[in-house]
Amino acid sequence: MPIPSPFSFFFSTRKKRSAIPFKDYYTDWFNTLKNPLLPLLTQSLSSPSSPALLSSHLNLLLHHFLSYYDALDLAVTTDPNNLPHLLYPSWRNSLEKPFLFLGDLHPYVFPNLVRSFLEQENGYDEDIRTLVLVQPWPVMMAWKDPPTRLIMKIEQIECGLRLMVPALIDRMKRAQEGFVARVAEEWVNCGGKKEKVEIVEAITAEMEELVSVFLSANRLRRNIISEIIGALSLYQGALFLEALAQFLVGFRDSDFSCMTQ
């Protein structure tokens with residue numbers, strides 16, 4: 001006769017209290033990102049639209065990204081039972097998963113995208129008359145001769161990440177060790193002596209630190225995106241968010257999907 005897992009009992013006990021189908025939420029969120037938000041921003045960048053309209057579309061996409069992390073926080077604070085599904089999201093494909101850190105994009109992705117723009121400076125030696133036919137002048141020149149303050153800000157963000165990411169990894173490691181030890185202890189002690197509800201209470205107490213680490217990772221991602229946008233000009237910020245959206249959408253294009261078969 002198979003021995004039931006303490007984890008399966010815990011999560012099945014809490015399942016009735018989980019009311020957030022986050023996979024469905026992510027599908028809706030992603031579809032909104034892909035259309036209309038990304039095309040709106042791209043159209044604003046590729047046409048001589050007013051800066052006010054571009055700013056509006058930038059803020060729509062920025063809010064969309066930040067609201068996603070708010071939704072992740074809400075999902076896990078309203079029911080910690082969602083945490084395993086959010087830490088190891090089944091709705092991410094095999095190309096996306098190497099870029100994940102505690103359930104979502106690794107924070108390093110954000111400054112690295114900015115770096116990719118900063119390192120394009122050598123490309124400005126191309127024929128300006130040809131390039132200007134492809135992109136409006138303000139967009140084409142957005143990353144030309146970036147100010148020192150911007151480079152210093154990106155370096156500051158990168159320095160902070162080199163401190164905070166290992167600290168989060170260490171916290172998660174210690175939280176998992178405590179969680180597993182507590183579950184094992186309570187499961188053994190349960191044999192005819194304790195009610196199963198006591199196991200649930202014990203695991204719930206240990207889950208609090210795991211949830212806290214998850215929330216900290218989301219807060220870090222949210223803050224990094226906001227700091228980057230705050231340091232960029234209007235056109236730089238629009239190009240950055242467009243690249244970030246394209247980064248996510250690109251993994252689900254048909255050409256990439258066939259690689260996961």
# chains A, B, ... in the order shown; residues from 1 in each chain; ligands from 1
$ residues_around --residues "region 152-161 of chain A" --least-positions-apart "4" --cutoff "12 Å" --atoms "only C-alpha atoms" --output "NGL selection string"
:A and (106-118 or 146-148 or 165-169 or 217 or 220-221 or 223-232)
$ write_last_selection --atoms "N, CA, C and O atoms" --output "short mmCIF file (atom, residue, chain, number, x, y, z; two decimals), in the first residue's frame"
data_model
loop_
_atom_site.label_atom_id
_atom_site.label_comp_id
_atom_site.auth_asym_id
_atom_site.auth_seq_id
_atom_site.Cartn_x
_atom_site.Cartn_y
_atom_site.Cartn_z
N HIS A 106 14.50 36.30 -14.22
CA HIS A 106 15.63 36.64 -13.37
C HIS A 106 15.87 38.15 -13.42
O HIS A 106 15.83 38.75 -14.50
N PRO A 107 16.09 38.79 -12.28
CA PRO A 107 16.30 40.25 -12.27
C PRO A 107 17.45 40.71 -13.17
O PRO A 107 17.46 41.85 -13.63
N TYR A 108 18.43 39.83 -13.42
CA TYR A 108 19.54 40.21 -14.29
C TYR A 108 19.08 40.53 -15.72
O TYR A 108 19.78 41.23 -16.45
N VAL A 109 17.93 39.97 -16.11
CA VAL A 109 17.45 40.20 -17.47
C VAL A 109 17.26 41.69 -17.74
O VAL A 109 17.59 42.19 -18.83
N PHE A 110 16.75 42.43 -16.77
CA PHE A 110 16.37 43.82 -16.99
C PHE A 110 17.57 44.73 -17.29
O PHE A 110 17.58 45.41 -18.31
N PRO A 111 18.60 44.77 -16.43
CA PRO A 111 19.76 45.61 -16.78
C PRO A 111 20.52 45.09 -18.00
O PRO A 111 21.14 45.88 -18.73
N ASN A 112 20.47 43.78 -18.23
CA ASN A 112 21.16 43.24 -19.41
C ASN A 112 20.51 43.73 -20.70
O ASN A 112 21.20 43.95 -21.70
N LEU A 113 19.19 43.90 -20.68
CA LEU A 113 18.52 44.47 -21.86
C LEU A 113 18.98 45.90 -22.10
O LEU A 113 19.20 46.30 -23.24
N VAL A 114 19.11 46.66 -21.02
CA VAL A 114 19.60 48.04 -21.17
C VAL A 114 21.03 48.02 -21.71
O VAL A 114 21.38 48.80 -22.60
N ARG A 115 21.84 47.13 -21.20
CA ARG A 115 23.22 47.00 -21.68
C ARG A 115 23.25 46.71 -23.19
O ARG A 115 24.12 47.21 -23.90
N SER A 116 22.33 45.91 -23.65
CA SER A 116 22.31 45.58 -25.08
C SER A 116 22.08 46.81 -25.93
O SER A 116 22.61 46.93 -27.04
N PHE A 117 21.30 47.76 -25.41
CA PHE A 117 21.11 49.03 -26.13
C PHE A 117 22.34 49.92 -26.04
O PHE A 117 22.76 50.53 -27.02
N LEU A 118 22.93 49.98 -24.85
CA LEU A 118 24.11 50.83 -24.67
C LEU A 118 25.27 50.37 -25.54
O LEU A 118 26.06 51.18 -26.01
N PRO A 146 24.92 58.00 -24.58
CA PRO A 146 24.16 58.01 -23.32
C PRO A 146 24.90 58.79 -22.24
O PRO A 146 26.13 58.73 -22.15
N PRO A 147 24.18 59.54 -21.43
CA PRO A 147 24.82 60.35 -20.39
C PRO A 147 25.52 59.49 -19.34
O PRO A 147 25.12 58.34 -19.09
N THR A 148 26.52 60.05 -18.73
CA THR A 148 27.28 59.33 -17.71
C THR A 148 26.39 58.90 -16.54
O THR A 148 26.56 57.81 -15.99
N VAL A 165 20.64 39.18 -5.09
CA VAL A 165 20.27 37.88 -5.63
C VAL A 165 20.88 36.74 -4.81
O VAL A 165 20.17 35.80 -4.43
N PRO A 166 22.19 36.76 -4.52
CA PRO A 166 22.73 35.68 -3.66
C PRO A 166 22.07 35.63 -2.29
O PRO A 166 21.90 34.54 -1.72
N ALA A 167 21.70 36.82 -1.75
CA ALA A 167 21.04 36.83 -0.44
C ALA A 167 19.68 36.14 -0.52
O ALA A 167 19.29 35.40 0.39
N LEU A 168 18.94 36.35 -1.61
CA LEU A 168 17.66 35.69 -1.78
C LEU A 168 17.84 34.18 -1.95
O LEU A 168 17.05 33.39 -1.41
N ILE A 169 18.86 33.80 -2.69
CA ILE A 169 19.14 32.37 -2.88
C ILE A 169 19.44 31.72 -1.53
O ILE A 169 18.96 30.61 -1.23
N ALA A 217 11.48 38.54 -3.93
CA ALA A 217 11.94 38.44 -5.31
C ALA A 217 11.06 39.26 -6.24
O ALA A 217 11.56 39.95 -7.15
N LEU A 220 11.83 42.90 -5.76
CA LEU A 220 13.09 43.25 -6.42
C LEU A 220 12.87 43.48 -7.91
O LEU A 220 13.34 44.47 -8.48
N ARG A 221 12.15 42.57 -8.56
CA ARG A 221 11.88 42.74 -9.99
C ARG A 221 11.10 44.03 -10.26
O ARG A 221 11.41 44.78 -11.19
N ASN A 223 10.94 46.74 -8.43
CA ASN A 223 11.76 47.92 -8.17
C ASN A 223 12.79 48.15 -9.28
O ASN A 223 13.05 49.30 -9.66
N ILE A 224 13.39 47.07 -9.78
CA ILE A 224 14.41 47.22 -10.82
C ILE A 224 13.79 47.80 -12.09
O ILE A 224 14.35 48.71 -12.71
N ILE A 225 12.64 47.28 -12.49
CA ILE A 225 11.96 47.83 -13.68
C ILE A 225 11.65 49.30 -13.48
O ILE A 225 11.89 50.13 -14.38
N SER A 226 11.11 49.66 -12.31
CA SER A 226 10.76 51.05 -12.04
C SER A 226 11.99 51.94 -12.02
O SER A 226 11.97 53.07 -12.55
N GLU A 227 13.08 51.47 -11.42
CA GLU A 227 14.31 52.26 -11.38
C GLU A 227 14.88 52.48 -12.78
O GLU A 227 15.35 53.58 -13.11
N ILE A 228 14.84 51.45 -13.60
CA ILE A 228 15.36 51.58 -14.96
C ILE A 228 14.54 52.59 -15.75
O ILE A 228 15.08 53.49 -16.40
N ILE A 229 13.22 52.46 -15.70
CA ILE A 229 12.36 53.40 -16.42
C ILE A 229 12.57 54.82 -15.91
O ILE A 229 12.60 55.78 -16.69
N GLY A 230 12.75 54.96 -14.60
CA GLY A 230 12.98 56.28 -14.04
C GLY A 230 14.28 56.92 -14.49
O GLY A 230 14.40 58.15 -14.50
N ALA A 231 15.25 56.10 -14.87
CA ALA A 231 16.56 56.62 -15.29
C ALA A 231 16.63 56.88 -16.79
O ALA A 231 17.56 57.53 -17.26
N LEU A 232 15.65 56.37 -17.55
CA LEU A 232 15.70 56.48 -19.02
C LEU A 232 14.86 57.64 -19.51
O LEU A 232 13.93 58.10 -18.84
#
$ select_by_dssp --residues "region 39-247 of chain A" --states "strand (DSSP E)" --output "PyMOL selection string"
chain A and resi 100-101+104-105
$ closest_residue --among "A:Asp104, A:Arg162, A:Asn59, A:Met140" --to "Leu248 (chain A)" --atoms "only C-alpha atoms"
A:Asp104
$ residues_around --residues "region 18-34 of chain A" --least-positions-apart "4" --cutoff "12 Å" --atoms "only C-alpha atoms" --output "MDAnalysis selection string"
chainID A and resid 11:14 38:42 57 60:69 71:92 104 241:242 244:253
$ select_by_dssp --residues "region 68-252 of chain A" --states "helix (DSSP H, G or I)" --output "PyMOL selection string"
chain A and resi 68-78+80-87+97-99+109-125+128-131+137-140+148-189+196-231+234-250
$ atom_distance --atom1 "CA of Leu37 (chain A)" --atom2 "CA of Leu58 (chain A)"
8.9 Å
$ atom_distance --atom1 "CA of Glu119 (chain A)" --atom2 "CA of Val139 (chain A)"
15.9 Å
$ decode --residues "region 14-138 of chain A" --atoms "C-alpha atoms" --output "short mmCIF file (atom, residue, chain, number, x, y, z; two decimals), in the first residue's frame"
data_model
loop_
_atom_site.label_atom_id
_atom_site.label_comp_id
_atom_site.auth_asym_id
_atom_site.auth_seq_id
_atom_site.Cartn_x
_atom_site.Cartn_y
_atom_site.Cartn_z
CA ARG A 14 -5.78 23.60 1.44
CA LYS A 15 -6.96 23.18 -2.13
CA LYS A 16 -10.53 24.20 -1.39
CA ARG A 17 -9.28 27.56 -0.14
CA SER A 18 -7.42 28.33 -3.37
CA ALA A 19 -9.59 30.46 -5.65
CA ILE A 20 -7.01 31.91 -8.03
CA PRO A 21 -6.44 29.98 -11.29
CA PHE A 22 -3.16 31.76 -11.95
CA LYS A 23 -2.43 29.85 -15.13
CA ASP A 24 -5.58 31.34 -16.63
CA TYR A 25 -4.63 34.77 -15.33
CA TYR A 26 -1.21 34.49 -16.95
CA THR A 27 -2.75 33.47 -20.27
CA ASP A 28 -4.99 36.54 -20.24
CA TRP A 29 -2.11 38.77 -19.10
CA PHE A 30 0.18 37.45 -21.82
CA ASN A 31 -2.45 37.82 -24.55
CA THR A 32 -3.03 41.44 -23.51
CA LEU A 33 0.71 42.04 -23.58
CA LYS A 34 0.99 40.56 -27.07
CA ASN A 35 -2.04 42.38 -28.38
CA PRO A 36 -2.87 45.24 -28.03
CA LEU A 37 -0.20 46.67 -25.70
CA LEU A 38 2.99 45.71 -27.56
CA PRO A 39 1.66 46.68 -31.03
CA LEU A 40 0.44 50.01 -29.65
CA LEU A 41 3.87 50.88 -28.29
CA THR A 42 5.64 49.67 -31.43
CA GLN A 43 3.33 51.73 -33.61
CA SER A 44 4.00 54.80 -31.48
CA LEU A 45 7.74 54.26 -31.90
CA SER A 46 7.62 53.69 -35.65
CA SER A 47 5.31 56.57 -36.54
CA PRO A 48 5.64 60.34 -35.97
CA SER A 49 3.13 60.27 -33.16
CA SER A 50 3.18 62.83 -30.40
CA PRO A 51 5.42 62.30 -27.35
CA ALA A 52 2.28 62.45 -25.22
CA LEU A 53 0.80 59.44 -27.02
CA LEU A 54 4.07 57.53 -26.77
CA SER A 55 4.22 58.32 -23.06
CA SER A 56 0.66 57.06 -22.63
CA HIS A 57 1.44 53.75 -24.35
CA LEU A 58 4.67 53.38 -22.38
CA ASN A 59 2.80 53.85 -19.11
CA LEU A 60 0.16 51.32 -20.15
CA LEU A 61 2.82 48.68 -20.76
CA LEU A 62 4.73 49.59 -17.60
CA HIS A 63 1.57 49.29 -15.53
CA HIS A 64 0.86 45.94 -17.17
CA PHE A 65 4.25 44.55 -16.10
CA LEU A 66 3.99 45.92 -12.56
CA SER A 67 0.41 44.69 -12.16
CA TYR A 68 1.63 41.18 -12.99
CA TYR A 69 3.94 41.19 -9.96
CA ASP A 70 1.13 42.59 -7.84
CA ALA A 71 -1.02 39.66 -9.00
CA LEU A 72 1.75 37.19 -8.11
CA ASP A 73 1.93 38.70 -4.62
CA LEU A 74 -1.83 38.54 -4.21
CA ALA A 75 -1.99 34.92 -5.35
CA VAL A 76 0.49 33.75 -2.73
CA THR A 77 -0.66 35.96 0.15
CA THR A 78 -4.31 35.01 -0.21
CA ASP A 79 -3.42 31.31 -0.32
CA PRO A 80 0.13 29.96 0.22
CA ASN A 81 -1.08 26.78 -1.49
CA ASN A 82 -0.40 28.65 -4.75
CA LEU A 83 3.31 28.98 -3.97
CA PRO A 84 4.52 25.64 -5.45
CA HIS A 85 2.67 26.38 -8.69
CA LEU A 86 4.13 29.88 -8.88
CA LEU A 87 7.69 28.84 -8.05
CA TYR A 88 7.60 26.12 -10.72
CA PRO A 89 5.08 27.43 -13.28
CA SER A 90 3.87 24.69 -15.59
CA TRP A 91 2.70 27.29 -18.12
CA ARG A 92 6.28 28.33 -18.93
CA ASN A 93 7.86 26.47 -21.83
CA SER A 94 11.31 24.88 -21.89
CA LEU A 95 12.91 27.96 -23.45
CA GLU A 96 11.56 30.30 -20.79
CA LYS A 97 12.44 28.23 -17.73
CA PRO A 98 16.24 28.80 -17.83
CA PHE A 99 15.52 32.53 -17.46
CA LEU A 100 13.37 32.10 -14.34
CA PHE A 101 14.39 32.96 -10.80
CA LEU A 102 11.98 32.18 -7.95
CA GLY A 103 9.04 31.91 -10.32
CA ASP A 104 9.60 34.66 -12.86
CA LEU A 105 12.22 36.43 -14.96
CA HIS A 106 15.63 36.64 -13.37
CA PRO A 107 16.30 40.25 -12.27
CA TYR A 108 19.54 40.21 -14.29
CA VAL A 109 17.45 40.20 -17.47
CA PHE A 110 16.37 43.82 -16.99
CA PRO A 111 19.76 45.61 -16.78
CA ASN A 112 21.16 43.24 -19.41
CA LEU A 113 18.52 44.47 -21.86
CA VAL A 114 19.60 48.04 -21.17
CA ARG A 115 23.22 47.00 -21.68
CA SER A 116 22.31 45.58 -25.08
CA PHE A 117 21.11 49.03 -26.13
CA LEU A 118 24.11 50.83 -24.67
CA GLU A 119 26.47 48.53 -26.54
CA GLN A 120 24.81 49.36 -29.87
CA GLU A 121 26.60 52.71 -29.92
CA ASN A 122 29.09 51.43 -32.49
CA GLY A 123 26.24 50.89 -34.92
CA TYR A 124 25.67 54.62 -35.34
CA ASP A 125 28.38 54.80 -37.98
CA GLU A 126 25.94 53.36 -40.52
CA ASP A 127 24.30 55.49 -43.20
CA ILE A 128 22.00 57.87 -41.32
CA ARG A 129 19.91 58.55 -44.42
CA THR A 130 19.09 54.84 -44.67
CA LEU A 131 18.32 54.41 -40.98
CA VAL A 132 16.04 57.42 -40.79
CA LEU A 133 13.74 55.77 -43.34
CA VAL A 134 13.29 52.88 -40.91
CA GLN A 135 12.82 54.73 -37.63
CA PRO A 136 11.95 58.28 -36.64
CA TRP A 137 15.00 60.36 -35.74
CA PRO A 138 14.30 60.60 -31.94
#
